[in-house]
Amino acid sequence: MTALAVHPVPGAEDGPPDDADEARAVGRKRSTPYLLLLPAGVWLIIFFAVPLVFLLSQSLQTGSLTTGYALTWNFAIYPEAIAQYSEQLIRSLVYAASATVLALLIAYPLAYTIAFRAGRWRNLLLVLVIAPFLTSFLIRTLAWQNILATDGPVTGALQALGVTDLLRGIGLIDGNKLLGTPLAVVTGLTYNFLPFMTLPLYASLERIDPRLHEAAGDLYSTPWTGFRKVTLPLSMPGVVAGTLLTFIPAAGDYINSQLLGSPSTTMIGQVVSGQFLRVLDYPTAAALSVVLMLTILALVTVYVRRSGTEELL
Amino acid sequence: MTATVPRATTVPAAKAPAARPPRRGPLRWLREHLVPIAAALAFCYMLLPNVVVVLFSFNNPTGRYNYTWQEFSLDAWKDPCGPAGLCDSLGLSLRVGVVATLLATALGTLAAFAMARHRYRGRSTTNVLVFLPMATPEVVMGSSLLTLFVNLRVPLGATTILIAHIMFCISFVIVTVKARVAGLDPRLEQAAMDLYANERQTFTKVTLPLVAPGILAAALLSFALSFDDYIITNFTASASSVTFPMYVWGTASRGTPVQINVVGTVMFLLALSAVGIGQLVSMRNRKRATR
Amino acid sequence: MATSALQGAPMPTTDDRTTSDGDLRLVGITKRFGRFTAVDDLDLTVPQGSFFALLGPSGCGKTTTLRMVAGLEQPTQGQVLLGDRDVTGTKPYQRPVNTVFQSYALFPHLDVFENVAFGLRRRRKKEVKADVDAVLELVQLEHLAKSKPGLLSGGQQQRVALARAIVNRPSVLLLDEPLGALDLKLRRQMQVELKRIQTEVGLTFVHVTHDQEEAMTMADTIAVMNGGRIEQMGSPTELYERPCTTFAANFLGQSNLIQATVTGTAGDDLLIDVHGQRVTLPRQRSTVTDGRLWLGVRPEKLRVAGPDDAGNRLTGIVTDASFIGVATYYLVRMPWGQELTVVQQNDGTPPLPPGEPLTVTWLPDHGFGLDATQDEHAGAEAIDPDAPAPAGAAR
Ligand SMILES: Nc1ncnc2c1ncn2[C@@H]1O[C@H](COP(=O)(O)OP(=O)(O)OP(=O)(O)O)[C@@H](O)[C@H]1O
Ligand SMILES: [Mg+2]
């Protein structure tokens, strides 16, 4: 019945040539995709792929910015840099992972409510999810400084509720300070990447037919089992996309650790940018950058394999 | 989007096993509304910083730090360009944002059509090339661009910022537009051709209008990404090319002027009204169409 | 040879008429997708102004044929002619042919008026409004001219699709299962409307459908397609009363096919031996005139024989009798083991119970003879008009 849908259109902007005669009939067709791809492709190659090669090469060079660098295949830089900054690297991954999990826990009910419970408020709520994030990232992160300031209302309220003591007890903060603690950094990271989690989740939840819940209920599942057996599996593509979109930028981020953290919460991004822009130790910085990229790629590959959603890529 | 039938009644625990007697009282209410309550809390979390930004734009801080509430004042609103360099940086960000948006949208849209519509050799390579920038942390992209520019002795400045912004926007444009093109029913174009539209007319009268919302969304996304980027920009900028995020960052350590909150508030209101108007228009259209 | 089944069948097919300006002709058209032949050396003439139905099991190449007429697909071989003009190789927009797509393919970004006006505007017509209004009135949708198609009901969308095509006054209008998505009631209603519009505007309609009843009630000419070829073509009565292949006999309605042998002739009749019993069949009602053949009789043409009924007779045992009010369906086992289906009108005689002997009779003019080398079950799987035929039916 849908046979029409699979027939490509003969025409310049349209479907791929279906067989050889058709391609021959319109001679310029074969080169069309390449012409269309050329500008963007060249741009991405020159300003994304080639720089990565330069980065790799830079990491294996020795010298200094003033005397100039020479490629000496100095692979020793990698173990050195990793040994020196393993703490920051691991911290970055741990913070990013915590922020990702927290964001998932916060975003899921949010996306679920918008998708299934919001009724005619759905669009308004979507606006409220998107709009705040069109305001400058930095300004909003600075606002967290206000919120978490030692004599601010949040700190006061948490203290009054005894949460501060609890947090100190489990070692997330020290003293009465919230700002400058790992907790503040993770809070900021979670907050900043929340829409990247919410929107893919919403997109995948919205596609689920609400009657499936009813069907599950009809087949004797409790709401919780129904959720576990029907909704959650169907929303997995959204979960995977959301966690990737949160974890990757969070692992490389240094704005939150810089503005909300302290020297003891330094993340790898801070080290890389510091080495590049202040210390001017290009090889170490480049090596760390390469290590960060490879670590993330490896983690993402494993994660995507494990979750069985390769087609997302 | 039109399916706005309230579904509040579909999920509750009405079908809880009969063995367990339904609990009454506040606890039960809480249990049934756990998810919306969690969502409400999440909204508070998401909106809190914006409230703070708006609130503190009316503050009159005593020291250099706009951290604690002192007293209500309109000073900053009356003189938004007061702090040296603020409006220059805003101007640069706007210019870079607009140009980067236009170019990235144009290049990305062309590529998206190729990827969604054509079979060609090297498809998987292009897919990887498009996907990787989105899976690469910004520090890595920024630092690699810096190595490129330093090694090739390209002077840093507005141009290098623009180059970088176009680069990281392209992938997002391609993904957004590609989804829209791929979702297009090929029969619509066939129908157009059947109705005497030649290839060009089919493209301008049917394909383009149907893909346009995707292109617009991609452009808005590009602008937002470009306008807001700090990390990559910081690697590719010079001391004389300060974008707005760089300006904010610079002031963060020595005390942010209240005017920054004014800018943040205006951005928030603009974003809110832009998205809100969009919603209203589409709702109005729908209503008029149903009459 | 797509038309081989027609050879020796002295019936007026559309090929015999002289071609006029607007006839649609497909000459030796073949379409291959890779190694798969979807349409196989097909010849077809659709006279101007006729309502032509293409009927056939799923995957037999109906859509592909239409798409080649519309120009959305290029034939691998053969020609498409509109009158004397060879349009093979021209673009869809260069052909005076319009299509009503199965799922309508209405432009979601344009309102109903603009959807209908689309073709006129592309052809730079000056006075669009009058034409569009007139055609909207014809399909009774004037009041929805400003709505977007997404909000219309299935039937309304279908009428917009129809209006959008006929407003262009194409030489040929192609309809690819335009009613497939509608429920039965709306479908019947739309069938009447389609037929009315066709007679009113006098265009050539080529209508693809799965629904035999639809094809029979609406079409002047029906072509039964199978495996990329046309099995048989003719008016609904010709096709039903005188099928030329076992596929056509089984696909359109139901047939009893009995193995038989021609033993001689008597005047214009063939003398036929059916497992030892003698029956006759007019010579021009058979595609074979000697040797073995399939003798076909429609179930409703078989009657329970009275004592003094003339005509062909065969006797068997009732194995099943289902009384459905208006008629009784019998299964009658013949001495050679075959079960014949008999539909006996309810004329007041009580149904015979199973086990009783029953003699069936039919007029020689109601039988038909088919080539014995054909599969007696061809097309039988697709007997239910409303059930989509399985792809395997097109053996
Ligand atoms: N673009 C294509 N590439 C490969 N095979 C195709 C293509 N289009 C059609 N076919 C094949 O050609 C055959 C005929 O297809 P067609 O769509 O014409 O069937 P149909 O008679 O319209 O069937 P239905 O009644 O199910 O719509 C089918 O087997 C189909 O799989
Ligand atoms: Mg078809």
# chains A, B, ... in the order shown; residues from 1 in each chain; ligands from 1
$ residues_around --residues "region 140-150 of chain A" --least-positions-apart "5" --cutoff "8 Å" --atoms "only C-alpha atoms" --output "ChimeraX atom specification"
/A:135,155-156,176-179,184,188,192,256,259-260 /B:49-50,52-53,66-68,252
$ write_last_selection --atoms "N, CA and C atoms" --output "compact mmCIF listing (two decimals), in the first residue's frame"
# COMPACT_ATOMS: atom_id res chain seq x y z
N THR A 135 19.00 32.49 27.80
CA THR A 135 19.71 33.55 28.50
C THR A 135 21.14 33.07 28.72
N THR A 155 21.45 28.87 51.43
CA THR A 155 22.31 28.35 52.48
C THR A 155 21.60 28.40 53.82
N GLY A 156 20.95 29.54 54.05
CA GLY A 156 20.22 29.71 55.31
C GLY A 156 19.15 28.65 55.48
N ASN A 176 30.24 25.70 56.59
CA ASN A 176 28.86 26.02 56.23
C ASN A 176 28.77 26.50 54.80
N LYS A 177 29.91 26.47 54.12
CA LYS A 177 29.95 27.00 52.78
C LYS A 177 29.36 26.01 51.78
N LEU A 178 28.57 26.52 50.85
CA LEU A 178 28.15 25.69 49.72
C LEU A 178 29.02 26.01 48.52
N LEU A 179 29.24 27.31 48.31
CA LEU A 179 30.05 27.74 47.18
C LEU A 179 31.47 27.21 47.35
N ALA A 184 28.50 22.29 44.81
CA ALA A 184 28.13 23.47 44.03
C ALA A 184 28.45 23.24 42.56
N GLY A 188 25.77 23.10 39.53
CA GLY A 188 25.85 23.97 38.36
C GLY A 188 25.86 23.17 37.07
N ASN A 192 23.07 23.38 34.20
CA ASN A 192 23.39 23.91 32.88
C ASN A 192 23.04 22.97 31.75
N ASN A 256 31.68 25.94 35.22
CA ASN A 256 31.08 25.69 36.53
C ASN A 256 32.13 25.51 37.61
N LEU A 259 33.64 29.02 38.28
CA LEU A 259 32.81 30.04 38.91
C LEU A 259 32.20 29.56 40.22
N LEU A 260 31.93 28.27 40.34
CA LEU A 260 31.25 27.78 41.54
C LEU A 260 32.17 26.95 42.42
N PRO B 49 17.66 30.49 38.83
CA PRO B 49 18.70 31.44 38.43
C PRO B 49 18.14 32.61 37.63
N ASN B 50 17.15 32.36 36.79
CA ASN B 50 16.60 33.46 36.01
C ASN B 50 15.91 34.47 36.91
N VAL B 52 16.71 35.06 39.94
CA VAL B 52 17.78 35.78 40.62
C VAL B 52 18.37 36.84 39.69
N VAL B 53 18.58 36.48 38.43
CA VAL B 53 19.14 37.43 37.47
C VAL B 53 18.24 38.66 37.38
N ASN B 66 27.96 41.98 43.25
CA ASN B 66 26.49 42.02 43.23
C ASN B 66 25.96 40.69 43.76
N TYR B 67 26.35 40.36 45.00
CA TYR B 67 26.01 39.05 45.56
C TYR B 67 24.80 39.10 46.46
N THR B 68 24.76 40.14 47.28
CA THR B 68 23.70 40.17 48.30
C THR B 68 22.76 41.34 48.02
N ALA B 252 33.72 38.48 36.18
CA ALA B 252 33.31 37.58 37.26
C ALA B 252 34.27 37.62 38.43
$ residues_around --residues "Ile173 (chain A)" --least-positions-apart "4" --cutoff "12 Å" --atoms "only C-alpha atoms" --output "VMD selection string"
chain A and resid 155 163 to 169 177 to 186 261 to 262 264 to 265
$ write_last_selection --atoms "N, CA, C and O atoms" --output "PDB file, in the first residue's frame"
ATOM      1  N   THR A 155      21.450  28.866  51.428  1.00  0.00           N
ATOM      2  CA  THR A 155      22.313  28.346  52.483  1.00  0.00           C
ATOM      3  C   THR A 155      21.597  28.401  53.823  1.00  0.00           C
ATOM      4  O   THR A 155      21.630  27.436  54.601  1.00  0.00           O
ATOM      5  N   VAL A 163      20.149  20.285  56.555  1.00  0.00           N
ATOM      6  CA  VAL A 163      20.738  19.623  55.387  1.00  0.00           C
ATOM      7  C   VAL A 163      22.236  19.869  55.339  1.00  0.00           C
ATOM      8  O   VAL A 163      23.020  18.984  54.983  1.00  0.00           O
ATOM      9  N   THR A 164      22.629  21.066  55.724  1.00  0.00           N
ATOM     10  CA  THR A 164      24.047  21.412  55.706  1.00  0.00           C
ATOM     11  C   THR A 164      24.859  20.428  56.546  1.00  0.00           C
ATOM     12  O   THR A 164      25.898  19.930  56.111  1.00  0.00           O
ATOM     13  N   ASP A 165      24.337  20.143  57.727  1.00  0.00           N
ATOM     14  CA  ASP A 165      25.045  19.207  58.608  1.00  0.00           C
ATOM     15  C   ASP A 165      25.157  17.841  57.953  1.00  0.00           C
ATOM     16  O   ASP A 165      26.201  17.190  57.994  1.00  0.00           O
ATOM     17  N   LEU A 166      24.043  17.444  57.341  1.00  0.00           N
ATOM     18  CA  LEU A 166      24.023  16.143  56.671  1.00  0.00           C
ATOM     19  C   LEU A 166      25.089  16.093  55.584  1.00  0.00           C
ATOM     20  O   LEU A 166      25.871  15.150  55.478  1.00  0.00           O
ATOM     21  N   LEU A 167      25.105  17.146  54.746  1.00  0.00           N
ATOM     22  CA  LEU A 167      26.044  17.191  53.633  1.00  0.00           C
ATOM     23  C   LEU A 167      27.473  17.195  54.145  1.00  0.00           C
ATOM     24  O   LEU A 167      28.348  16.540  53.572  1.00  0.00           O
ATOM     25  N   ARG A 168      27.695  17.921  55.219  1.00  0.00           N
ATOM     26  CA  ARG A 168      29.034  17.954  55.777  1.00  0.00           C
ATOM     27  C   ARG A 168      29.390  16.565  56.306  1.00  0.00           C
ATOM     28  O   ARG A 168      30.491  16.103  56.132  1.00  0.00           O
ATOM     29  N   GLY A 169      28.399  15.948  56.918  1.00  0.00           N
ATOM     30  CA  GLY A 169      28.601  14.604  57.455  1.00  0.00           C
ATOM     31  C   GLY A 169      29.088  13.631  56.394  1.00  0.00           C
ATOM     32  O   GLY A 169      29.992  12.836  56.639  1.00  0.00           O
ATOM     33  N   LYS A 177      29.913  26.469  54.125  1.00  0.00           N
ATOM     34  CA  LYS A 177      29.955  27.000  52.780  1.00  0.00           C
ATOM     35  C   LYS A 177      29.355  26.012  51.775  1.00  0.00           C
ATOM     36  O   LYS A 177      29.590  24.820  51.858  1.00  0.00           O
ATOM     37  N   LEU A 178      28.574  26.522  50.847  1.00  0.00           N
ATOM     38  CA  LEU A 178      28.149  25.693  49.720  1.00  0.00           C
ATOM     39  C   LEU A 178      29.015  26.009  48.522  1.00  0.00           C
ATOM     40  O   LEU A 178      29.468  25.130  47.794  1.00  0.00           O
ATOM     41  N   LEU A 179      29.238  27.311  48.313  1.00  0.00           N
ATOM     42  CA  LEU A 179      30.052  27.743  47.180  1.00  0.00           C
ATOM     43  C   LEU A 179      31.472  27.212  47.345  1.00  0.00           C
ATOM     44  O   LEU A 179      32.004  27.176  48.441  1.00  0.00           O
ATOM     45  N   GLY A 180      32.059  26.785  46.257  1.00  0.00           N
ATOM     46  CA  GLY A 180      33.419  26.292  46.315  1.00  0.00           C
ATOM     47  C   GLY A 180      33.511  24.819  46.625  1.00  0.00           C
ATOM     48  O   GLY A 180      34.593  24.265  46.699  1.00  0.00           O
ATOM     49  N   THR A 181      32.382  24.151  46.776  1.00  0.00           N
ATOM     50  CA  THR A 181      32.404  22.722  47.081  1.00  0.00           C
ATOM     51  C   THR A 181      32.079  21.912  45.827  1.00  0.00           C
ATOM     52  O   THR A 181      31.521  22.441  44.867  1.00  0.00           O
ATOM     53  N   PRO A 182      32.424  20.631  45.858  1.00  0.00           N
ATOM     54  CA  PRO A 182      32.026  19.759  44.733  1.00  0.00           C
ATOM     55  C   PRO A 182      30.522  19.820  44.504  1.00  0.00           C
ATOM     56  O   PRO A 182      30.064  19.802  43.360  1.00  0.00           O
ATOM     57  N   LEU A 183      29.769  19.924  45.584  1.00  0.00           N
ATOM     58  CA  LEU A 183      28.320  19.962  45.455  1.00  0.00           C
ATOM     59  C   LEU A 183      27.882  21.133  44.583  1.00  0.00           C
ATOM     60  O   LEU A 183      27.021  20.997  43.706  1.00  0.00           O
ATOM     61  N   ALA A 184      28.499  22.289  44.811  1.00  0.00           N
ATOM     62  CA  ALA A 184      28.134  23.472  44.034  1.00  0.00           C
ATOM     63  C   ALA A 184      28.452  23.244  42.557  1.00  0.00           C
ATOM     64  O   ALA A 184      27.654  23.581  41.676  1.00  0.00           O
ATOM     65  N   VAL A 185      29.622  22.638  42.289  1.00  0.00           N
ATOM     66  CA  VAL A 185      30.014  22.424  40.895  1.00  0.00           C
ATOM     67  C   VAL A 185      29.037  21.465  40.216  1.00  0.00           C
ATOM     68  O   VAL A 185      28.555  21.720  39.106  1.00  0.00           O
ATOM     69  N   VAL A 186      28.719  20.366  40.904  1.00  0.00           N
ATOM     70  CA  VAL A 186      27.806  19.391  40.301  1.00  0.00           C
ATOM     71  C   VAL A 186      26.410  20.004  40.129  1.00  0.00           C
ATOM     72  O   VAL A 186      25.744  19.787  39.111  1.00  0.00           O
ATOM     73  N   GLY A 261      33.352  26.613  41.911  1.00  0.00           N
ATOM     74  CA  GLY A 261      34.223  25.717  42.663  1.00  0.00           C
ATOM     75  C   GLY A 261      35.364  26.445  43.336  1.00  0.00           C
ATOM     76  O   GLY A 261      35.339  27.665  43.528  1.00  0.00           O
ATOM     77  N   SER A 262      36.373  25.658  43.668  1.00  0.00           N
ATOM     78  CA  SER A 262      37.557  26.183  44.332  1.00  0.00           C
ATOM     79  C   SER A 262      38.740  25.419  43.736  1.00  0.00           C
ATOM     80  O   SER A 262      38.525  24.512  42.929  1.00  0.00           O
ATOM     81  N   SER A 264      40.272  23.099  44.803  1.00  0.00           N
ATOM     82  CA  SER A 264      40.162  21.658  45.054  1.00  0.00           C
ATOM     83  C   SER A 264      39.104  20.979  44.175  1.00  0.00           C
ATOM     84  O   SER A 264      38.888  19.786  44.272  1.00  0.00           O
ATOM     85  N   THR A 265      38.422  21.760  43.361  1.00  0.00           N
ATOM     86  CA  THR A 265      37.440  21.142  42.459  1.00  0.00           C
ATOM     87  C   THR A 265      37.833  21.316  41.003  1.00  0.00           C
ATOM     88  O   THR A 265      37.001  21.213  40.111  1.00  0.00           O
TER      89      THR A 265
END
$ select_by_dssp --residues "region 246-352 of chain C" --states "alpha helix (DSSP H)" --output "PyMOL selection string"
chain C and resi 246-251
$ write_last_selection --atoms "all heavy atoms" --output "PDB file, in the first residue's frame"
ATOM      1  N   THR C 246      -7.896 -18.859 -15.987  1.00  0.00           N
ATOM      2  CA  THR C 246      -8.342 -19.348 -14.685  1.00  0.00           C
ATOM      3  C   THR C 246      -8.146 -18.259 -13.641  1.00  0.00           C
ATOM      4  O   THR C 246      -8.922 -18.134 -12.711  1.00  0.00           O
ATOM      5  CB  THR C 246      -7.549 -20.599 -14.262  1.00  0.00           C
ATOM      6  OG1 THR C 246      -6.159 -20.285 -14.296  1.00  0.00           O
ATOM      7  CG2 THR C 246      -7.826 -21.761 -15.204  1.00  0.00           C
ATOM      8  N   PHE C 247      -7.081 -17.448 -13.828  1.00  0.00           N
ATOM      9  CA  PHE C 247      -6.844 -16.384 -12.862  1.00  0.00           C
ATOM     10  C   PHE C 247      -8.016 -15.409 -12.844  1.00  0.00           C
ATOM     11  O   PHE C 247      -8.554 -15.074 -11.793  1.00  0.00           O
ATOM     12  CB  PHE C 247      -5.545 -15.639 -13.183  1.00  0.00           C
ATOM     13  CG  PHE C 247      -5.245 -14.546 -12.203  1.00  0.00           C
ATOM     14  CD1 PHE C 247      -4.545 -14.834 -11.044  1.00  0.00           C
ATOM     15  CD2 PHE C 247      -5.701 -13.256 -12.417  1.00  0.00           C
ATOM     16  CE1 PHE C 247      -4.307 -13.847 -10.119  1.00  0.00           C
ATOM     17  CE2 PHE C 247      -5.466 -12.273 -11.490  1.00  0.00           C
ATOM     18  CZ  PHE C 247      -4.756 -12.561 -10.340  1.00  0.00           C
ATOM     19  N   ALA C 248      -8.422 -14.976 -14.037  1.00  0.00           N
ATOM     20  CA  ALA C 248      -9.542 -14.034 -14.106  1.00  0.00           C
ATOM     21  C   ALA C 248     -10.807 -14.683 -13.564  1.00  0.00           C
ATOM     22  O   ALA C 248     -11.598 -14.046 -12.862  1.00  0.00           O
ATOM     23  CB  ALA C 248      -9.741 -13.577 -15.549  1.00  0.00           C
ATOM     24  N   ALA C 249     -10.994 -15.976 -13.869  1.00  0.00           N
ATOM     25  CA  ALA C 249     -12.200 -16.671 -13.422  1.00  0.00           C
ATOM     26  C   ALA C 249     -12.268 -16.746 -11.908  1.00  0.00           C
ATOM     27  O   ALA C 249     -13.333 -16.617 -11.313  1.00  0.00           O
ATOM     28  CB  ALA C 249     -12.232 -18.075 -14.014  1.00  0.00           C
ATOM     29  N   ASN C 250     -11.119 -16.930 -11.271  1.00  0.00           N
ATOM     30  CA  ASN C 250     -11.105 -17.051  -9.816  1.00  0.00           C
ATOM     31  C   ASN C 250     -10.990 -15.715  -9.112  1.00  0.00           C
ATOM     32  O   ASN C 250     -11.482 -15.534  -8.009  1.00  0.00           O
ATOM     33  CB  ASN C 250      -9.934 -17.932  -9.371  1.00  0.00           C
ATOM     34  CG  ASN C 250     -10.151 -19.389  -9.744  1.00  0.00           C
ATOM     35  OD1 ASN C 250     -11.271 -19.876  -9.654  1.00  0.00           O
ATOM     36  ND2 ASN C 250      -9.096 -20.053 -10.158  1.00  0.00           N
ATOM     37  N   PHE C 251     -10.255 -14.781  -9.738  1.00  0.00           N
ATOM     38  CA  PHE C 251      -9.999 -13.512  -9.055  1.00  0.00           C
ATOM     39  C   PHE C 251     -11.259 -12.659  -9.003  1.00  0.00           C
ATOM     40  O   PHE C 251     -11.556 -12.032  -8.001  1.00  0.00           O
ATOM     41  CB  PHE C 251      -8.871 -12.757  -9.757  1.00  0.00           C
ATOM     42  CG  PHE C 251      -8.421 -11.540  -9.010  1.00  0.00           C
ATOM     43  CD1 PHE C 251      -7.618 -11.670  -7.881  1.00  0.00           C
ATOM     44  CD2 PHE C 251      -8.815 -10.270  -9.408  1.00  0.00           C
ATOM     45  CE1 PHE C 251      -7.221 -10.566  -7.173  1.00  0.00           C
ATOM     46  CE2 PHE C 251      -8.413  -9.158  -8.691  1.00  0.00           C
ATOM     47  CZ  PHE C 251      -7.609  -9.309  -7.576  1.00  0.00           C
TER      48      PHE C 251
END
$ interface_residues --of "chain B" --to "chain C" --cutoff "7 Å" --atoms "only C-alpha atoms" --output "CSV table (one decimal) with N, CA, C and O atoms, in the first residue's frame"
chain,number,residue,atom,x,y,z
B,187,ARG,N,5.9,11.9,-1.5
B,187,ARG,CA,4.7,12.0,-2.4
B,187,ARG,C,4.3,13.5,-2.6
B,187,ARG,O,3.6,13.8,-3.6
B,188,LEU,N,4.6,14.3,-1.6
B,188,LEU,CA,4.2,15.8,-1.7
B,188,LEU,C,4.9,16.3,-2.9
B,188,LEU,O,4.3,17.1,-3.7
B,191,ALA,N,3.5,14.9,-6.0
B,191,ALA,CA,2.2,15.5,-6.3
B,191,ALA,C,2.5,16.9,-7.0
B,191,ALA,O,1.8,17.2,-8.0
B,193,MET,N,5.0,17.8,-8.8
B,193,MET,CA,5.4,17.6,-10.2
B,193,MET,C,4.3,17.2,-11.1
B,193,MET,O,4.2,17.5,-12.2
B,194,ASP,N,3.4,16.4,-10.5
B,194,ASP,CA,2.2,15.9,-11.2
B,194,ASP,C,1.3,17.1,-11.5
B,194,ASP,O,0.6,17.1,-12.5
B,195,LEU,N,1.4,18.1,-10.7
B,195,LEU,CA,0.6,19.3,-10.9
B,195,LEU,C,1.3,20.4,-11.6
B,195,LEU,O,1.2,21.6,-11.3
B,196,TYR,N,2.2,20.0,-12.5
B,196,TYR,CA,2.8,20.9,-13.4
B,196,TYR,C,3.9,21.8,-12.8
B,196,TYR,O,4.2,22.9,-13.4
B,197,ALA,N,4.4,21.5,-11.7
B,197,ALA,CA,5.5,22.3,-11.1
B,197,ALA,C,6.8,21.6,-11.6
B,197,ALA,O,7.0,20.4,-11.4
B,198,ASN,N,7.7,22.4,-12.2
B,198,ASN,CA,9.0,21.8,-12.6
B,198,ASN,C,9.9,21.7,-11.4
B,198,ASN,O,9.5,22.0,-10.3
B,210,LEU,N,8.1,23.6,3.3
B,210,LEU,CA,7.9,22.5,4.2
B,210,LEU,C,9.1,22.3,5.1
B,210,LEU,O,9.0,21.9,6.2
B,289,ALA,N,-8.1,27.9,11.5
B,289,ALA,CA,-8.2,26.8,10.5
B,289,ALA,C,-9.4,25.9,10.8
B,289,ALA,O,-10.0,25.4,10.0
B,290,THR,N,-9.7,25.8,12.1
B,290,THR,CA,-10.8,24.8,12.5
B,290,THR,C,-12.1,25.5,12.3
B,290,THR,O,-13.1,24.8,12.3
$ residues_near_ligand --ligand "ligand 2" --cutoff "10 Å" --atoms "only C-alpha atoms and all ligand atoms" --output "MDAnalysis selection string"
(chainID A and resid 1:4) or (chainID C and resid 56:67 101:102 176:177 208:210)
$ residues_around --residues "Val291 (chain A)" --least-positions-apart "5" --cutoff "10 Å" --atoms "only C-alpha atoms" --output "short mmCIF file (atom, residue, chain, number, x, y, z; two decimals) with N, CA and C atoms, in the first residue's frame"
data_model
loop_
_atom_site.label_atom_id
_atom_site.label_comp_id
_atom_site.auth_asym_id
_atom_site.auth_seq_id
_atom_site.Cartn_x
_atom_site.Cartn_y
_atom_site.Cartn_z
N LEU A 56 47.25 16.75 17.83
CA LEU A 56 47.99 15.52 18.06
C LEU A 56 49.48 15.76 17.83
N TYR A 78 52.65 11.83 27.22
CA TYR A 78 51.34 11.31 27.61
C TYR A 78 51.33 10.74 29.02
N ALA A 81 51.81 13.66 31.46
CA ALA A 81 50.65 14.53 31.65
C ALA A 81 49.55 13.80 32.41
N ILE A 82 49.36 12.52 32.06
CA ILE A 82 48.29 11.78 32.74
C ILE A 82 48.62 11.63 34.22
N LEU A 89 41.49 14.73 35.84
CA LEU A 89 40.79 13.97 34.79
C LEU A 89 39.70 13.10 35.41
N ALA A 285 49.37 20.68 27.25
CA ALA A 285 47.96 21.02 27.07
C ALA A 285 47.36 20.20 25.94
N ALA A 286 48.08 20.10 24.84
CA ALA A 286 47.57 19.35 23.70
C ALA A 286 47.41 17.88 24.08
N ILE A 296 36.69 10.27 26.39
CA ILE A 296 35.25 10.45 26.20
C ILE A 296 34.76 9.59 25.05
N LEU A 297 35.52 9.56 23.96
CA LEU A 297 35.10 8.73 22.82
C LEU A 297 34.99 7.28 23.24
N VAL B 140 38.42 20.71 23.75
CA VAL B 140 39.23 20.03 22.74
C VAL B 140 39.14 20.77 21.42
#
$ residues_around --residues "Val181 (chain B)" --least-positions-apart "4" --cutoff "7 Å" --atoms "only C-alpha atoms" --output "list of chain:residue names"
B:Phe113, B:Ala116, B:Val177, B:Val211
$ atom_distance --atom1 "CA of Pro210 (chain A)" --atom2 "CA of Ala107 (chain A)"
19.1 Å
$ residues_around --residues "Val80 (chain C)" --least-positions-apart "6" --cutoff "6 Å" --atoms "only C-alpha atoms" --output "PyMOL selection string"
chain C and resi 25-26+86-88
$ residues_around --residues "Gly28 (chain C)" --least-positions-apart "2" --cutoff "10 Å" --atoms "only C-alpha atoms" --output "PyMOL selection string"
chain C and resi 1-2+25-26+30+39-44+75+77-80
$ closest_residue --among "C:Glu114, C:Pro282, C:Arg229, C:Val160" --to "ligand 1" --atoms "only C-alpha atoms and all ligand atoms"
C:Arg229
$ residues_around --residues "Ala305 (chain C)" --least-positions-apart "2" --cutoff "12 Å" --atoms "only C-alpha atoms" --output "list in words"
Lys301, Leu302, Arg303, Pro307, Asp308, Asp309, Ala310, Gly311, Asn312, Arg313, Leu314, Thr315, Gly316, Val342, Gln344, Thr349, Pro357, Leu358, Thr359, Val360, Thr361, Trp362 and Leu363 of chain C
$ atom_distance --atom1 "CA of Ala106 (chain B)" --atom2 "CA of Thr243 (chain A)"
29.4 Å
$ closest_residue --among "C:Gln74, C:Thr37, C:Val224, C:Ser153" --to "chain A" --atoms "only C-alpha atoms"
C:Gln74
